[in-house]
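Asks: Here you go, this is target22.txt (compact mmCIF, C-alpha atoms and all ligand atoms).
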# COMPACT_ATOMS: atom_id res chain seq x y z
CA MET P 12 -6.47 8.78 10.80
CA LEU P 13 -6.79 5.02 11.01
CA GLU P 14 -8.16 2.97 13.82
CA ILE P 15 -8.71 -0.75 13.85
CA LYS P 16 -10.68 -2.37 16.60
CA SER P 17 -10.84 -6.04 17.55
CA ILE P 18 -9.85 -7.22 14.09
CA ALA P 19 -9.85 -10.98 13.59
CA LYS P 20 -9.55 -12.96 10.40
CA THR P 21 -10.02 -16.68 9.93
CA PHE P 22 -9.57 -18.23 6.51
CA LYS P 23 -11.69 -21.27 5.89
CA SER P 24 -9.60 -23.62 3.82
CA GLY P 25 -11.05 -27.08 3.46
CA LYS P 26 -11.46 -28.71 6.82
CA ASN P 27 -8.87 -26.59 8.51
CA ASP P 28 -9.49 -23.02 9.57
CA VAL P 29 -6.47 -20.74 9.51
CA VAL P 30 -6.52 -18.01 12.11
CA ALA P 31 -4.54 -15.25 10.37
CA LEU P 32 -5.31 -12.41 12.80
CA ASN P 33 -6.57 -12.41 16.34
CA ASP P 34 -7.94 -9.40 18.24
CA ILE P 35 -5.83 -6.65 16.68
CA HIS P 36 -6.21 -3.10 17.96
CA LEU P 37 -4.22 -0.27 16.46
CA ARG P 38 -4.40 3.47 16.05
CA VAL P 39 -2.30 5.29 13.51
CA GLU P 40 -2.20 9.10 13.40
CA LYS P 41 -1.82 11.32 10.37
CA SER P 42 1.76 11.59 9.13
CA GLU P 43 3.03 8.52 10.97
CA PHE P 44 5.27 6.04 9.19
CA VAL P 45 4.49 2.66 10.70
CA LEU P 46 6.46 -0.47 9.91
CA ILE P 47 4.82 -3.84 10.42
CA LYS P 48 7.34 -6.57 11.04
CA GLY P 49 6.92 -10.26 11.59
CA GLU P 50 7.99 -13.55 10.09
CA SER P 51 6.38 -14.93 6.97
CA GLY P 52 2.83 -16.07 7.72
CA SER P 53 2.42 -13.79 10.75
CA GLY P 54 -0.49 -11.94 9.15
CA LYS P 55 1.12 -8.76 7.74
CA SER P 56 -0.48 -8.91 4.31
CA THR P 57 -3.84 -9.91 5.72
CA LEU P 58 -3.74 -6.92 8.05
CA LEU P 59 -2.82 -4.48 5.27
CA PHE P 60 -5.56 -5.82 2.99
CA ILE P 61 -8.13 -5.43 5.75
CA MET P 62 -6.87 -1.91 6.55
CA GLY P 63 -7.40 -1.01 2.92
CA GLY P 64 -10.89 -2.43 2.78
CA MET P 65 -9.84 -5.03 0.22
CA LEU P 66 -10.49 -8.03 2.45
CA ASN P 67 -13.37 -8.47 4.86
CA PRO P 68 -12.39 -9.21 8.44
CA THR P 69 -14.18 -12.01 10.25
CA PHE P 70 -14.69 -9.62 13.13
CA GLY P 71 -13.97 -5.99 13.99
CA ASN P 72 -13.93 -2.53 12.44
CA VAL P 73 -11.59 -0.41 10.39
CA VAL P 74 -12.12 3.35 10.62
CA VAL P 75 -10.20 5.54 8.18
CA ASN P 76 -10.60 9.32 8.44
CA GLY P 77 -13.75 8.78 10.48
CA LYS P 78 -15.28 6.34 7.97
CA ASP P 79 -16.10 2.82 9.08
CA LEU P 80 -14.95 0.97 5.95
CA PHE P 81 -16.92 -2.21 6.42
CA SER P 82 -20.19 -0.46 7.15
CA LEU P 83 -20.02 1.04 3.64
CA SER P 84 -21.50 -0.82 0.70
CA GLU P 85 -18.92 -2.63 -1.39
CA LYS P 86 -19.32 -0.01 -4.10
CA ASN P 87 -18.82 2.92 -1.76
CA ARG P 88 -15.92 1.20 -0.09
CA GLY P 89 -14.28 0.77 -3.50
CA LYS P 90 -14.83 4.44 -4.25
CA TYR P 91 -13.44 5.52 -0.93
CA ARG P 92 -10.37 3.38 -1.42
CA ALA P 93 -9.81 4.71 -4.93
CA ASN P 94 -9.78 8.28 -3.62
CA GLU P 95 -7.96 7.94 -0.33
CA ILE P 96 -5.70 4.91 -0.25
CA GLY P 97 -2.69 4.10 -2.38
CA PHE P 98 -1.38 0.54 -2.48
CA VAL P 99 2.10 -0.67 -3.31
CA PHE P 100 2.85 -4.39 -3.56
CA GLN P 101 6.02 -6.42 -3.64
CA SER P 102 5.21 -7.64 -7.14
CA TYR P 103 4.21 -4.16 -8.50
CA HIS P 104 0.81 -5.22 -9.91
CA LEU P 105 1.31 -3.31 -13.14
CA LEU P 106 -0.79 -4.28 -16.13
CA PRO P 107 1.63 -5.81 -18.67
CA TYR P 108 -0.24 -4.68 -21.80
CA LEU P 109 -0.33 -1.02 -20.73
CA ASN P 110 2.62 1.34 -20.92
CA VAL P 111 3.91 3.36 -17.98
CA TYR P 112 1.72 6.36 -18.76
CA GLU P 113 -1.41 4.20 -19.03
CA ASN P 114 -0.58 2.29 -15.85
CA ILE P 115 -0.26 5.54 -13.90
CA MET P 116 -3.56 6.73 -15.41
CA LEU P 117 -5.37 3.57 -14.22
CA PRO P 118 -6.85 5.10 -11.05
CA ASN P 119 -8.87 7.34 -13.40
CA GLU P 120 -11.18 4.39 -13.88
CA LEU P 121 -12.29 4.56 -10.26
CA ALA P 122 -11.24 7.76 -8.57
CA GLU P 123 -13.40 10.87 -8.58
CA THR P 124 -10.56 13.31 -8.99
CA LYS P 125 -9.60 13.10 -12.63
CA ILE P 126 -5.92 12.69 -13.31
CA ASP P 127 -4.62 14.90 -16.07
CA LYS P 128 -1.61 14.44 -18.32
CA GLU P 129 0.30 17.22 -16.58
CA ALA P 130 0.03 15.44 -13.24
CA VAL P 131 1.47 12.27 -14.78
CA PHE P 132 4.34 14.21 -16.38
CA LYS P 133 5.07 15.87 -13.05
CA ILE P 134 5.14 12.67 -11.04
CA VAL P 135 7.31 10.70 -13.49
CA GLU P 136 9.74 13.62 -13.42
CA GLU P 137 9.82 13.53 -9.62
CA LEU P 138 10.35 9.77 -9.53
CA GLY P 139 13.01 9.78 -12.24
CA ILE P 140 11.12 7.64 -14.77
CA LYS P 141 10.24 10.35 -17.28
CA ASP P 142 12.17 8.68 -20.08
CA ARG P 143 10.20 5.46 -19.51
CA LEU P 144 6.72 6.88 -20.11
CA TYR P 145 5.94 4.85 -23.21
CA HIS P 146 7.64 1.60 -22.22
CA LYS P 147 5.81 -1.52 -21.13
CA PRO P 148 6.52 -2.99 -17.68
CA SER P 149 8.46 -5.88 -19.24
CA GLN P 150 10.99 -3.34 -20.54
CA LEU P 151 11.70 -1.92 -17.09
CA SER P 152 14.05 -2.89 -14.28
CA ALA P 153 12.60 -3.96 -10.93
CA GLY P 154 13.35 -0.58 -9.40
CA GLU P 155 11.69 1.24 -12.29
CA LYS P 156 8.61 -0.97 -12.06
CA GLN P 157 8.25 -0.19 -8.39
CA ARG P 158 8.59 3.54 -9.07
CA VAL P 159 5.78 3.27 -11.63
CA ALA P 160 3.67 1.49 -9.01
CA LEU P 161 4.53 4.26 -6.55
CA ALA P 162 3.57 6.90 -9.09
CA ARG P 163 0.23 5.16 -9.59
CA ALA P 164 -0.34 5.12 -5.82
CA LEU P 165 0.69 8.76 -5.34
CA ILE P 166 -1.14 10.26 -8.29
CA ILE P 167 -4.51 10.27 -6.51
CA ASN P 168 -3.04 12.30 -3.61
CA PRO P 169 -4.05 9.65 -1.10
CA SER P 170 -4.10 10.33 2.62
CA LEU P 171 -2.81 6.82 3.30
CA ILE P 172 -0.32 4.55 1.57
CA LEU P 173 -0.33 0.85 2.38
CA ALA P 174 2.79 -0.91 1.19
CA ASP P 175 3.20 -4.68 1.37
CA GLU P 176 6.91 -5.53 1.26
CA PRO P 177 7.40 -2.95 -1.50
CA THR P 178 11.14 -3.44 -1.50
CA GLY P 179 11.06 -7.24 -1.30
CA ASN P 180 12.32 -7.67 -4.86
CA LEU P 181 14.75 -4.76 -4.89
CA ASP P 182 18.44 -4.37 -4.26
CA GLU P 183 19.71 -1.98 -1.62
CA ARG P 184 20.04 1.04 -3.89
CA ASN P 185 16.50 0.70 -5.22
CA THR P 186 15.16 -0.07 -1.77
CA LEU P 187 16.54 3.19 -0.42
CA GLU P 188 15.13 5.00 -3.44
CA VAL P 189 11.62 3.68 -2.77
CA MET P 190 11.98 4.49 0.93
CA LYS P 191 12.98 8.03 0.04
CA TYR P 192 9.76 8.63 -1.93
CA LEU P 193 7.60 7.10 0.79
CA LYS P 194 9.36 9.35 3.30
CA ILE P 195 8.74 12.46 1.20
CA PHE P 196 5.05 11.54 1.04
CA GLN P 197 4.93 11.10 4.81
CA GLU P 198 6.77 14.33 5.54
CA LYS P 199 4.22 16.20 3.46
CA GLY P 200 1.51 14.93 5.82
CA GLY P 201 0.70 11.52 4.36
CA THR P 202 0.43 8.38 6.44
CA VAL P 203 2.42 5.27 5.52
CA ILE P 204 1.90 1.74 6.81
CA MET P 205 4.42 -0.71 5.41
CA ALA P 206 5.05 -4.40 5.96
CA THR P 207 8.66 -5.45 5.68
CA HIS P 208 11.13 -8.21 6.43
CA GLY P 209 14.43 -6.43 6.25
CA ASN P 210 16.09 -3.71 8.29
CA LEU P 211 16.75 -1.17 5.54
CA ALA P 212 13.49 0.63 6.26
CA ASP P 213 14.02 0.95 10.02
CA SER P 214 15.39 4.47 10.05
CA TYR P 215 12.51 5.78 7.92
CA ALA P 216 9.78 4.70 10.31
CA THR P 217 8.33 6.72 13.15
CA ARG P 218 7.08 3.52 14.79
CA THR P 219 7.53 -0.23 14.41
CA ILE P 220 4.98 -2.82 15.43
CA ARG P 221 5.42 -6.57 15.44
CA LEU P 222 3.07 -9.37 14.53
CA HIS P 223 3.57 -12.91 15.73
CA LYS P 224 1.17 -15.66 14.65
CA GLY P 225 -1.59 -13.16 14.04
CA GLU P 226 -1.17 -11.19 17.24
CA LEU P 227 0.41 -7.83 17.92
CA ILE P 228 3.32 -8.09 20.30
CA LYS P 229 3.41 -5.35 22.87
P1 LIG P 301 2.48 -12.54 5.94
O1 LIG P 301 2.09 -11.46 4.99
O2 LIG P 301 2.94 -12.03 7.28
O3 LIG P 301 3.46 -13.50 5.36
P2 LIG P 301 -0.22 -13.49 5.51
O4 LIG P 301 -1.12 -12.39 6.00
O5 LIG P 301 -0.04 -13.61 4.06
O6 LIG P 301 1.16 -13.39 6.28
O7 LIG P 301 -0.80 -14.88 6.04
C1 LIG P 301 -1.19 -15.10 7.39
C2 LIG P 301 -1.73 -16.51 7.51
O8 LIG P 301 -2.95 -16.63 6.79
C3 LIG P 301 -0.81 -17.58 6.93
O9 LIG P 301 -0.90 -18.72 7.73
C4 LIG P 301 -1.40 -17.84 5.57
O10 LIG P 301 -1.12 -19.13 5.12
C5 LIG P 301 -2.88 -17.64 5.82
N1 LIG P 301 -3.61 -17.18 4.62
C6 LIG P 301 -3.41 -15.99 3.97
N2 LIG P 301 -4.27 -15.86 2.94
C7 LIG P 301 -5.02 -17.00 2.93
C8 LIG P 301 -6.10 -17.48 2.11
N3 LIG P 301 -6.58 -16.76 1.10
N4 LIG P 301 -6.61 -18.70 2.41
C9 LIG P 301 -6.14 -19.43 3.43
N5 LIG P 301 -5.15 -19.04 4.24
C10 LIG P 301 -4.60 -17.84 4.00
MG MG P 302 2.81 -11.00 3.13
Show me the file's structure as structure tokens.

Replies:
Amino acid sequence: MLEIKSIAKTFKSGKNDVVALNDIHLRVEKSEFVLIKGESGSGKSTLLFIMGGMLNPTFGNVVVNGKDLFSLSEKNRGKYRANEIGFVFQSYHLLPYLNVYENIMLPNELAETKIDKEAVFKIVEELGIKDRLYHKPSQLSAGEKQRVALARALIINPSLILADEPTGNLDERNTLEVMKYLKIFQEKGGTVIMATHGNLADSYATRTIRLHKGELIK
């Protein structure tokens, strides 16, 4: 479902180039749950952003469901992403001036499949945040915020979820809660690729890969 070939990324910052990724090859099949581990600065976020078509690689291809992301125009790549890929970040990325309902509705701006009210009601029920629908993010706990972000990622029925340390700001109970929802998504046929530091996610993964200084360790 996802194949990356010869991916390299160099950031130009001032006089010094930073090589964030070097010659990464990876194939991920439908319904895998892949953990990406590696110390801070090893390239996990860069890799996830490139996999999602949000960051251009310096070299290489990313093929998702047969589509070569970086051969698409920027507009078509954005559309594809909006319909097929859900993102979850460590810091939630909720819009502070929108309530929970409006945050979950946000993909409507980009995705082709229109999200209806009923779908939002259903997903907040499933994620246990139904009574938070009209609250702003600032009124929510960390765990609730991340469940809203998950709802926003899941509402488009993506084939792939990319999660960048989604439990990095959560305690153990909330971490396991988030892992549970990612696992349900995967068991229904979705693919999950998640970067993480800790060990709490280990038993949820079907495969773990390791990055070290921008290279995959065999
Ligand atoms: P991780 O997520 O594993 O902590 P990152 O992918 O964020 O690692 O970073 C990999 C390397 O790329 C680091 O050395 C980081 O400093 C560098 N890097 C990331 N983003 C940028 C950027 N926008 N400009 C310059 N260097 C960057
Ligand atoms: Mg990171």

Asks: How would you write as a PyMOL selection string the residues that get within 12 Å of (-3.7, 2.6, -22.9) in the file's frame, counting all atoms listed in the file?

Replies: chain P and resi 106-117+119-120+144-147

Asks: Rank P:Glu183, P:Asp34, P:Glu50, P:Glu188 by their smallest atom-to-atom distance to ligand MG 302 (chain P), using all atoms listed in the file, and report the top residue only.

Replies: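 Answer, going by the shortest atom-to-atom distance: P:Glu50.
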
Asks: How would you report the residues lying within 6 Å of ligand LIG 301 (chain P), as a PyMOL selection string, if you count only C-alpha atoms and all ligand atoms?

Replies: chain P and resi 22+24+29+31+50-57

Asks: What is the distance between atom CA of P:Lys125 and atom CA of P:Glu198, in Å to one decimal?

Replies: 24.5 Å

Asks: Take every atom of stretch 61-69 of chain P listed in the file, pad by 8 Å on each side, and give me the axis-aligned box centre and edge lengths in Å, one decimal, as lines of an AutoDock Vina configuration file.

Replies:
center_x = -10.5
center_y = -6.5
center_z = 5.2
size_x = 23.3
size_y = 27.0
size_z = 26.0
